[in-house]
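> Structure below; questions to follow.
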Amino acid sequence: NAGVMQNPRHLVRRRGQEARLRCSPMKGHSHVYWYRQLPEEGLKFMVYLQKENIIDESGMPKERFSAEFPKEGPSILRIQQVVRGDSAAYFCASSPPSLSGIISYEQYFGPGTRLTVT
Amino acid sequence: GENVEQHPSTLSVQEGDSAVIKCTYSDSASNYFPWYKQELGKRPQLIIDIRSNVGEKKDQRIAVTLNKTAKHFSLHITETQPEDSAVYFCAASKPPPGGGADGLTFGKGTHLIIQP
């Protein structure tokens, strides 16, 4: 049973370019979360998505950042016009759907994408 | 929004001794409290969690306690081993309107060092 997959694992972009990070949740999971981790810091929640819906984007910067989770394919975190401050590890996590009203809280993390902006 | 404080930031213990990491949270609506272990350059791994209807949970050498009244929870590791060395993060979340589990609010992490 494959875990959460993320690609690329490492991404280097020049200032002003676009970065696209992809996340495939665990099989059977329908909830995806994106987090950012700066060096020597904890993880900060960015956005929570279900298929074709953004549930909570309260942690997402208002400009340049967007996320989607289409009906088919992986979830995408897109950063336009990257700046040096965007350099970080971006993790996605997934959790299973609620069944019969029982919420599954556990979130399982992917290996992360380490973005470096030069 | 939720705020999670974690202490200490660094903890060094002798191999075989116990380690305790403490967290406090601010939002009384939070009802799910996981702990993650992260080794250098690796993904956070869920090691144990507790929900607000339970006061204590144990899994082999790891235990978590929750005090909802005081809004704090702790991780206890007994008989520590070198492979326990890592950064440990506590987190909290509450049910969102859309169902499922809300985004996690993390503490800043504790760097646990096991001295041989």
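If you're wondering about the labels, chains in the structure tokens are A, B, ... by order shown, residues count from 1 in each chain, ligands from 1 in order shown.
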With only C-alpha atoms considered, list every residue of chain A at most 7 Å from chain B, as JSON, numbers by chain.
{"A": [33, 41, 42, 43, 44, 45, 48, 55, 97, 98, 103, 104, 105, 108, 109, 110, 111, 112]}
> I'd like the neighbourhood of B:Ser12 as number ranges by chain, where a residue qualifies if any of its atoms comes within 10 Å (using only C-alpha atoms), though same-chain residues fewer than 4 positions away should be ignored.
B: 19, 85, 111-115
> Stretch 5-21 of chain A: which residues within 9 Å, counting only C-alpha atoms, same-chain residues fewer than 5 positions away excluded, as a list in words?
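Once the adjacent positions are removed, what remains is Met26, Ser75, Ile76, Leu77, Arg78, Ile79, Gln80, Gln81, Val82, Val83, Arg84, Ala89, Tyr90, Phe91, Cys92, Phe109, Gly110, Pro111, Gly112, Thr113, Arg114, Leu115, Thr116, Val117 and Thr118 of chain A.
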> Within 9 Å of B:Ser74, counting only C-alpha atoms, which residues qualify if same-chain residues fewer than 6 places away don't, as an NGL selection string?
:B and (20-24 or 63-67 or 90)
> Would you save the residues from that selection as a compact mmCIF listing (two decimals), in the first residue's frame, using all heavy atoms?

# COMPACT_ATOMS: atom_id res chain seq x y z
N VAL B 20 10.02 13.58 28.77
CA VAL B 20 8.68 14.14 28.79
C VAL B 20 8.68 15.46 28.02
O VAL B 20 9.50 16.33 28.28
CB VAL B 20 8.18 14.39 30.23
CG1 VAL B 20 6.76 14.97 30.20
CG2 VAL B 20 8.21 13.11 31.04
N ILE B 21 7.74 15.59 27.10
CA ILE B 21 7.59 16.82 26.32
C ILE B 21 6.17 17.33 26.54
O ILE B 21 5.22 16.54 26.51
CB ILE B 21 7.82 16.55 24.82
CG1 ILE B 21 9.22 15.97 24.59
CG2 ILE B 21 7.66 17.84 24.01
CD1 ILE B 21 9.46 15.45 23.18
N LYS B 22 6.04 18.64 26.79
CA LYS B 22 4.75 19.19 27.16
C LYS B 22 4.26 20.22 26.14
O LYS B 22 5.06 20.99 25.59
CB LYS B 22 4.84 19.84 28.54
CG LYS B 22 5.22 18.86 29.62
CD LYS B 22 5.26 19.51 30.99
CE LYS B 22 5.64 18.46 32.04
NZ LYS B 22 5.66 19.03 33.41
N CYS B 23 2.94 20.23 25.94
CA CYS B 23 2.33 21.19 25.04
C CYS B 23 1.08 21.78 25.67
O CYS B 23 0.37 21.08 26.42
CB CYS B 23 1.97 20.56 23.71
SG CYS B 23 3.42 20.18 22.71
N THR B 24 0.82 23.03 25.38
CA THR B 24 -0.44 23.66 25.75
C THR B 24 -1.12 24.19 24.50
O THR B 24 -0.45 24.49 23.50
CB THR B 24 -0.23 24.82 26.74
OG1 THR B 24 0.61 25.81 26.10
CG2 THR B 24 0.44 24.36 28.02
N ALA B 63 3.60 7.12 25.66
CA ALA B 63 2.28 7.42 26.23
C ALA B 63 1.99 8.89 26.05
O ALA B 63 2.91 9.72 25.98
CB ALA B 63 2.23 7.04 27.71
N VAL B 64 0.71 9.21 25.95
CA VAL B 64 0.29 10.60 25.88
C VAL B 64 -0.80 10.82 26.91
O VAL B 64 -1.66 9.95 27.10
CB VAL B 64 -0.18 10.98 24.45
CG1 VAL B 64 -1.29 10.07 23.97
CG2 VAL B 64 -0.58 12.43 24.38
N THR B 65 -0.75 11.95 27.61
CA THR B 65 -1.77 12.32 28.57
C THR B 65 -2.40 13.64 28.14
O THR B 65 -1.74 14.48 27.53
CB THR B 65 -1.19 12.45 29.99
OG1 THR B 65 -0.16 13.46 29.96
CG2 THR B 65 -0.60 11.14 30.47
N LEU B 66 -3.67 13.81 28.45
CA LEU B 66 -4.40 15.01 28.07
C LEU B 66 -5.17 15.53 29.26
O LEU B 66 -5.88 14.77 29.93
CB LEU B 66 -5.37 14.68 26.93
CG LEU B 66 -6.38 15.77 26.54
CD1 LEU B 66 -5.68 17.00 25.98
CD2 LEU B 66 -7.40 15.22 25.54
N ASN B 67 -5.05 16.82 29.52
CA ASN B 67 -5.83 17.49 30.56
C ASN B 67 -6.62 18.59 29.86
O ASN B 67 -6.10 19.67 29.58
CB ASN B 67 -4.90 18.07 31.63
CG ASN B 67 -5.67 18.71 32.77
OD1 ASN B 67 -6.76 19.27 32.57
ND2 ASN B 67 -5.14 18.63 33.97
N CYS B 90 4.18 18.35 18.66
CA CYS B 90 2.81 18.14 19.06
C CYS B 90 1.92 18.97 18.13
O CYS B 90 2.40 19.90 17.47
CB CYS B 90 2.57 18.55 20.52
SG CYS B 90 2.86 20.30 20.86
